[in-house]
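Presented below is the structure to which this report refers.
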Amino acid sequence: MRILLVEDDTLLGNGIEAGLKHSGFTIDWAKDGHEAQLALETGSYELLVLDIGLPVINGMDLLKRLRREGNHTPVLMLTARDSIADRVKGLDAGADDYLLKPFDLSELVARIHALTRRAHGRSSTPIHYTDLIFEPKQYWVRKGSETIQLSPKESAILGALLNHCGTALSRSQLENSLYGWNEEIESNAVEVHVYHLRQKLGANLIKTIRGVGYLIRKESS
Amino acid sequence: MLGSIFLAWSAMLPLSFFSARNEINQLIDVQLEQSAQTITLLDLHKLRVLADSTEKTDSVNDKDGDDDRLNMQFQVWTRSGELLTHSPGSPDFAYAPKDGFSTITINTKHWRTYARHDPKGKYQIRLFESVKSRESLINRDAWHIAQFLLVVLPLPLLLVWLSIGKGLAPLRVISDMLSIRNAKNLDPVIPETVPIEAKQLLDSINHLFEGLEQSLLRERAFTSDAAHELRNPLAAIKVQAEVALVSEDSAQREQAIKQVITGVNRLSRLMHQLLMLARLDQATWSFTKPVDLGNIVIECAGGLADQALTRGISMEVKAQPESYWPGEASLLVTMIENLVDNSIKYGKENGRIRLGVISRKNLILLWVEDDGPGILPNEQERLLDRFYRSDNHPDVEGSGLGLSIVNKIVEIHGGKIRFGQGINGFGLKVEILFEHFHPVLT
């Protein structure tokens, strides 16, 4: 995959170039807005990693110009400013995602993948989590050699918890993921489904956080 | 100011002149009336004698100046219009039965005349005074009065001006002293004499200087402390990187490099906290929108539960919903996150953390507690100091800024913070109280 990196800082640019190359990407590195424009005119890229604070041509202006010309290449913005106002400005100017400096290289790679996946309209199923493979659209979980069937509601809850892994979800948040089908909300529904999920997938998968809700821990923990 | 006083004074001259003229004119008329009153008491014989003895011309022709007599001429008429007698200088005036004042012109000469009947009503006495003579008299006297005012009035004004000047002199001294004050010189201004009127102002100014000086000192101390605090992690990073460079063992090299990354993360976090503190210090905040603290507590707990579980710590939350308080949600989130983060770091492994919010009519109580080693008994008062690290947790890594940030946010939101014992008497409990004296916003 060809990526255009627009970064004026040599030290940082060097690092990103090397890091992304290591992850299998083909990188072209433009050191200022001017070079970036030339590169975009002559080549085609799947994604742009753009540092907003550029000399010569301002990163934000470059982005706006790009969008005005009808270029829809996904743009990942690198920024040193973390105020909400700055983030909103960037997203409004046409960036698809932003990453605050300093960042983990692994995070950069993950976000690049997420953006290109989005651009290609690919969905992210099946979901992999430790030794589980979860197919939400078909309501099953494969654990090792076993295939476990889930009810649609159980699947919805498991999906919500896995998509937000590392963050506890409250009962009402989980109820929201269940009740898109104009049904009556039973008072104990979530507890009941979690109970069944624990029975099917093991007691350790879903943690209870008293006063908050349920949690599936981040994989790295 | 002097100019306006001069203007007022110079306007006084014509004003006083015309005012005096008016008064004197009225006075002379009154005199005329009174003379008529007296004359009407005389009988006809005496009137004839009076007529004969009256001088024909006015004494104003006298060049000596100060003759205040006005020559009065008169006529005596019967009711049927017959002239009984008259003074030689009286003008050729026909009978006019109506009594009272009027001003007439006869042969180009102006006369002021007053007529009155005798008590029995048998005849009319008419008196005449030459307008020209009157005017001369009036003008002369009015001018004397005006002159007097002209000379005398400035005197008190001058005195007032001099005393104001004298009174203001100390203020000039004070303003001179103030003009040499600046950010580097905020010594109190203490002149030798202070007029009572200026004392309160001066006290306020000196109080302000004191406050400013404290503020500047704190800021300088913070900046230099911050710079020092940044040195440590930077030094650690550099050393680890150099170790990585000289390592012959690839495992050691990898370990050193991992330490470099840890060091960078630590530095990054410190920098983020310093920026937060600077931001909290600089802005002035005013809140109108109520924020649900119950929701925020649940949200924060939800986000940090995983981290707690890494140390085997279980979290319990008791958040009362709809605990509204006016504020800035992002700051309140930061506040609670810092408290929970502390409890996780300083709590005991496989221990517990309890946090929650309760609200009553006029107050909201928010707390976070753990059952770890807590703090030493004498540390409470220093806990909120910037960069303060508890001596009871030598192995825990931290910047010492977390509680400073929490304290600042609590302060901004009008709350109070206090410390106590944690779960079952162990650990630390941090309580934040928001109290209003108005009905709670919903």
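Chain identifiers are assigned as A, B, and so on, following the order in which chains appear in the structure tokens; residues are numbered from 1 within each chain, and ligands are numbered from 1 in order of appearance.
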When the cut-off is 12 Å and we count only C-alpha atoms, which residues of chain B are near chain A, given as a PDB file with C-alpha atoms, in the first residue's frame?
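Okay, this is what ended up in iface.pdb:
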ATOM      1  CA  ILE B 261       9.875   4.176  25.675  1.00  0.00           C
ATOM      2  CA  THR B 262       8.661   4.024  29.270  1.00  0.00           C
ATOM      3  CA  VAL B 264       9.140   8.969  27.054  1.00  0.00           C
ATOM      4  CA  ASN B 265       5.646   8.018  28.153  1.00  0.00           C
ATOM      5  CA  ARG B 266       6.368   9.299  31.610  1.00  0.00           C
ATOM      6  CA  LEU B 267       7.715  12.559  30.256  1.00  0.00           C
ATOM      7  CA  SER B 268       4.751  12.881  27.968  1.00  0.00           C
ATOM      8  CA  ARG B 269       2.359  12.451  30.849  1.00  0.00           C
ATOM      9  CA  MET B 271       4.123  17.497  30.143  1.00  0.00           C
ATOM     10  CA  HIS B 272       0.405  16.933  29.683  1.00  0.00           C
ATOM     11  CA  LEU B 275      -0.017  22.060  30.424  1.00  0.00           C
ATOM     12  CA  MET B 276      -3.261  21.255  32.217  1.00  0.00           C
ATOM     13  CA  ARG B 279      -4.335  26.137  31.463  1.00  0.00           C
ATOM     14  CA  GLY B 294     -23.328  10.864  38.600  1.00  0.00           C
ATOM     15  CA  ASN B 295     -22.877  10.159  34.912  1.00  0.00           C
ATOM     16  CA  ILE B 296     -19.342  11.426  34.935  1.00  0.00           C
ATOM     17  CA  VAL B 297     -18.366   9.170  37.813  1.00  0.00           C
ATOM     18  CA  ILE B 298     -19.820   6.148  36.045  1.00  0.00           C
ATOM     19  CA  GLU B 299     -18.107   7.115  32.801  1.00  0.00           C
ATOM     20  CA  CYS B 300     -14.713   7.522  34.453  1.00  0.00           C
ATOM     21  CA  ALA B 301     -15.046   4.317  36.419  1.00  0.00           C
ATOM     22  CA  GLY B 302     -16.019   2.499  33.256  1.00  0.00           C
ATOM     23  CA  GLY B 303     -12.944   3.767  31.474  1.00  0.00           C
ATOM     24  CA  LEU B 304     -10.507   2.884  34.232  1.00  0.00           C
ATOM     25  CA  ALA B 305     -11.932  -0.451  35.393  1.00  0.00           C
ATOM     26  CA  ASP B 306      -9.647  -2.403  33.092  1.00  0.00           C
ATOM     27  CA  GLN B 307      -6.595  -0.616  34.441  1.00  0.00           C
ATOM     28  CA  ALA B 308      -7.705  -1.390  37.988  1.00  0.00           C
ATOM     29  CA  LEU B 309      -8.141  -5.049  37.154  1.00  0.00           C
ATOM     30  CA  THR B 310      -4.537  -5.162  35.952  1.00  0.00           C
ATOM     31  CA  ARG B 311      -3.570  -4.792  39.589  1.00  0.00           C
ATOM     32  CA  GLY B 312      -6.368  -7.091  40.618  1.00  0.00           C
ATOM     33  CA  ILE B 313      -8.301  -4.167  42.088  1.00  0.00           C
ATOM     34  CA  SER B 314     -12.107  -4.352  42.087  1.00  0.00           C
ATOM     35  CA  MET B 315     -14.087  -1.136  41.772  1.00  0.00           C
ATOM     36  CA  GLU B 316     -17.465  -0.379  43.295  1.00  0.00           C
ATOM     37  CA  VAL B 317     -19.455   2.628  42.222  1.00  0.00           C
ATOM     38  CA  LYS B 318     -22.432   4.211  43.934  1.00  0.00           C
ATOM     39  CA  ALA B 319     -23.417   7.079  41.688  1.00  0.00           C
ATOM     40  CA  GLN B 320     -26.681   8.843  42.314  1.00  0.00           C
ATOM     41  CA  PRO B 321     -28.087   9.896  38.947  1.00  0.00           C
ATOM     42  CA  SER B 330     -14.149  17.825  30.489  1.00  0.00           C
ATOM     43  CA  ARG B 352     -10.694  -2.429  46.494  1.00  0.00           C
ATOM     44  CA  ILE B 353     -11.662   1.004  45.324  1.00  0.00           C
ATOM     45  CA  ARG B 354     -14.974   2.600  46.168  1.00  0.00           C
ATOM     46  CA  LEU B 355     -16.246   5.766  44.586  1.00  0.00           C
ATOM     47  CA  GLY B 356     -19.503   7.560  44.259  1.00  0.00           C
ATOM     48  CA  VAL B 357     -21.676  10.625  44.290  1.00  0.00           C
TER      49      VAL B 357
END
(request) Enumerate as a list in words all residues of stretch 27-61 of chain A assigned to strand (DSSP E or B) by DSSP on the backbone, naming them with the chain letters and numbers the document uses. (result) Ile27, Asp28, Trp29, Ala30, Leu47, Leu48, Val49, Leu50 and Asp51 of chain A
(request) Might you pull out every residue within 10 Å of A:Thr147, with only C-alpha atoms counted and same-chain residues fewer than 6 positions away left off, and present them as number ranges by chain? (result) A: 132-134, 140-141
(request) May I have the residues within 6 Å of stretch 52-69 of chain A as number ranges by chain, using only C-alpha atoms and disregarding those fewer than 3 positions away in the same chain? (result) A: 33, 79, 93
Report as an mmCIF file with C-alpha atoms, in the first residue's frame all protein, DNA and RNA residues lying within 12 Å of A:His196, evaluated on only C-alpha atoms, omitting residues in the same chain fewer than 6 positions from it.
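Printed below is out30.cif as written:
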data_model
loop_
_atom_site.group_PDB
_atom_site.id
_atom_site.type_symbol
_atom_site.label_atom_id
_atom_site.label_comp_id
_atom_site.auth_asym_id
_atom_site.auth_seq_id
_atom_site.Cartn_x
_atom_site.Cartn_y
_atom_site.Cartn_z
ATOM 1 C CA ILE A 148 -20.846 -22.192 20.206
ATOM 2 C CA GLN A 149 -24.228 -20.839 19.111
ATOM 3 C CA LEU A 150 -25.568 -17.610 20.511
ATOM 4 C CA SER A 151 -29.006 -16.037 20.496
ATOM 5 C CA LYS A 153 -29.501 -10.789 21.783
ATOM 6 C CA GLU A 154 -26.515 -12.552 23.308
ATOM 7 C CA SER A 155 -24.631 -11.846 20.126
ATOM 8 C CA ILE A 157 -24.294 -7.850 23.810
ATOM 9 C CA LEU A 158 -21.075 -9.735 23.124
ATOM 10 C CA ALA A 189 -32.752 -8.825 30.177
ATOM 11 C CA VAL A 190 -29.128 -7.748 30.206
ATOM 12 C CA GLY A 202 -16.480 -18.991 30.552
ATOM 13 C CA ALA A 203 -16.957 -16.987 33.719
ATOM 14 C CA LEU A 205 -14.621 -13.283 29.940
ATOM 15 C CA ILE A 206 -17.129 -10.726 31.124
#
(message) Residues within 8 Å of stretch 5-9 of chain B, please, as a PyMOL selection string. Count only C-alpha atoms; anything in the same chain fewer than 4 positions from it doesn't count.
(response) chain B and resi 1+13+150+153-154
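Of note, atom CA of B:Val49 and atom CA of B:Lys132 are spaced 26.7 Å apart.
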(message) So that I can check the surroundings of B:Ser102, please list as a list in words every protein, DNA and RNA residue that reaches within 9 Å of it, counting only C-alpha atoms and ignoring chain neighbours fewer than 4 positions away.
(response)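 The residues that qualify are Trp111, Arg112, Thr113, Tyr114 and Ala115 of chain B.
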(request) Have a look at atom CA of A:Leu178 and atom CA of A:Pro152 and let me know their distance in Å, one decimal. (result)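 Atom CA of A:Leu178 sits 8.8 Å away from atom CA of A:Pro152.
Interatomic distance, atom CA of B:Glu197 to atom CA of B:Leu2: 22.2 Å.
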(request) Could you please write out, as number ranges by chain, every residue of stretch 9-122 of chain B that DSSP assigns to helix (DSSP H, G or I)? (result) B: 9-39, 44-53, 59-61
Got time to write the residues from that selection, N, CA and C atoms, as a compact mmCIF listing (two decimals), in the first residue's frame?
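Below is the file selection-v2.txt, written as the result:
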# COMPACT_ATOMS: atom_id res chain seq x y z
N TRP B 9 -16.29 83.16 36.75
CA TRP B 9 -16.04 84.47 37.39
C TRP B 9 -16.33 85.60 36.41
N SER B 10 -15.85 85.44 35.19
CA SER B 10 -16.07 86.52 34.23
C SER B 10 -17.54 86.61 33.83
N ALA B 11 -18.28 85.53 33.94
CA ALA B 11 -19.72 85.59 33.68
C ALA B 11 -20.45 86.28 34.83
N MET B 12 -19.87 86.21 36.00
CA MET B 12 -20.47 86.82 37.19
C MET B 12 -20.57 88.33 37.07
N LEU B 13 -19.60 88.93 36.41
CA LEU B 13 -19.57 90.40 36.32
C LEU B 13 -20.85 90.95 35.68
N PRO B 14 -21.14 90.61 34.45
CA PRO B 14 -22.38 91.13 33.86
C PRO B 14 -23.62 90.68 34.62
N LEU B 15 -23.60 89.43 35.11
CA LEU B 15 -24.76 88.92 35.84
C LEU B 15 -25.05 89.75 37.07
N SER B 16 -23.99 90.02 37.84
CA SER B 16 -24.19 90.78 39.08
C SER B 16 -24.58 92.21 38.76
N PHE B 17 -24.02 92.72 37.69
CA PHE B 17 -24.35 94.10 37.29
C PHE B 17 -25.85 94.21 36.99
N PHE B 18 -26.32 93.32 36.13
CA PHE B 18 -27.73 93.41 35.72
C PHE B 18 -28.68 93.07 36.85
N SER B 19 -28.25 92.18 37.69
CA SER B 19 -29.06 91.83 38.85
C SER B 19 -29.18 93.03 39.78
N ALA B 20 -28.05 93.70 40.00
CA ALA B 20 -28.06 94.88 40.88
C ALA B 20 -28.93 95.99 40.28
N ARG B 21 -28.80 96.18 39.01
CA ARG B 21 -29.61 97.20 38.32
C ARG B 21 -31.09 97.00 38.56
N ASN B 22 -31.48 95.77 38.41
CA ASN B 22 -32.86 95.39 38.59
C ASN B 22 -33.35 95.73 39.99
N GLU B 23 -32.52 95.34 40.95
CA GLU B 23 -32.86 95.57 42.35
C GLU B 23 -33.00 97.06 42.63
N ILE B 24 -32.01 97.82 42.15
CA ILE B 24 -32.01 99.26 42.43
C ILE B 24 -33.21 99.93 41.76
N ASN B 25 -33.50 99.54 40.56
CA ASN B 25 -34.65 100.07 39.84
C ASN B 25 -35.92 99.89 40.66
N GLN B 26 -36.08 98.71 41.16
CA GLN B 26 -37.26 98.41 41.96
C GLN B 26 -37.30 99.27 43.22
N LEU B 27 -36.11 99.43 43.80
CA LEU B 27 -35.99 100.23 45.01
C LEU B 27 -36.44 101.66 44.77
N ILE B 28 -35.99 102.21 43.65
CA ILE B 28 -36.33 103.61 43.33
C ILE B 28 -37.83 103.74 43.08
N ASP B 29 -38.39 102.76 42.45
CA ASP B 29 -39.84 102.78 42.24
C ASP B 29 -40.58 102.77 43.58
N VAL B 30 -40.09 101.96 44.47
CA VAL B 30 -40.71 101.88 45.80
C VAL B 30 -40.62 103.23 46.50
N GLN B 31 -39.44 103.82 46.35
CA GLN B 31 -39.22 105.15 46.93
C GLN B 31 -40.23 106.15 46.37
N LEU B 32 -40.42 106.07 45.05
CA LEU B 32 -41.36 106.96 44.36
C LEU B 32 -42.76 106.78 44.92
N GLU B 33 -43.13 105.57 45.08
CA GLU B 33 -44.45 105.24 45.61
C GLU B 33 -44.64 105.78 47.03
N GLN B 34 -43.58 105.57 47.81
CA GLN B 34 -43.66 106.04 49.20
C GLN B 34 -43.72 107.56 49.27
N SER B 35 -42.98 108.22 48.39
CA SER B 35 -43.03 109.69 48.34
C SER B 35 -44.46 110.12 48.01
N ALA B 36 -45.03 109.46 47.05
CA ALA B 36 -46.41 109.82 46.66
C ALA B 36 -47.34 109.67 47.85
N GLN B 37 -47.13 108.58 48.56
CA GLN B 37 -47.97 108.32 49.74
C GLN B 37 -47.90 109.48 50.73
N THR B 38 -46.66 109.94 50.98
CA THR B 38 -46.45 111.04 51.92
C THR B 38 -47.11 112.32 51.41
N ILE B 39 -46.87 112.61 50.12
CA ILE B 39 -47.36 113.86 49.55
C ILE B 39 -48.89 113.93 49.57
N LEU B 44 -53.85 121.16 50.19
CA LEU B 44 -53.60 121.90 48.96
C LEU B 44 -52.64 123.07 49.16
N HIS B 45 -52.78 123.78 50.22
CA HIS B 45 -51.92 124.92 50.51
C HIS B 45 -50.46 124.48 50.59
N LYS B 46 -50.25 123.42 51.37
CA LYS B 46 -48.88 122.92 51.53
C LYS B 46 -48.32 122.43 50.21
N LEU B 47 -49.21 121.85 49.39
CA LEU B 47 -48.78 121.35 48.09
C LEU B 47 -48.28 122.51 47.23
N ARG B 48 -48.94 123.63 47.28
CA ARG B 48 -48.55 124.79 46.50
C ARG B 48 -47.18 125.28 46.93
N VAL B 49 -46.97 125.28 48.24
CA VAL B 49 -45.67 125.69 48.79
C VAL B 49 -44.58 124.75 48.30
N LEU B 50 -44.89 123.43 48.33
CA LEU B 50 -43.93 122.42 47.89
C LEU B 50 -43.57 122.62 46.42
N ALA B 51 -44.60 122.89 45.62
CA ALA B 51 -44.37 123.07 44.19
C ALA B 51 -43.42 124.22 43.96
N ASP B 52 -43.62 125.27 44.67
CA ASP B 52 -42.78 126.46 44.47
C ASP B 52 -41.34 126.22 44.86
N SER B 53 -41.17 125.33 45.87
CA SER B 53 -39.79 125.16 46.35
C SER B 53 -39.01 124.09 45.61
N SER B 59 -30.44 117.27 39.83
CA SER B 59 -29.13 117.50 40.42
C SER B 59 -28.06 116.59 39.83
N VAL B 60 -28.45 115.70 38.98
CA VAL B 60 -27.47 114.79 38.38
C VAL B 60 -26.49 115.53 37.49
N ASN B 61 -26.89 116.74 37.05
CA ASN B 61 -25.95 117.51 36.24
C ASN B 61 -24.73 117.91 37.04
(message) Nearest residue to A:Asn14 out of A:Arg111, A:Lys200, A:Lys31, A:Arg142, using only C-alpha atoms?
(response) A:Lys31
(request) May I ask which of the residues A:Ser23, A:Ser145, A:Gln199, A:Asn163 is the closest one to A:Ser106, counting only C-alpha atoms? (result) A:Ser23
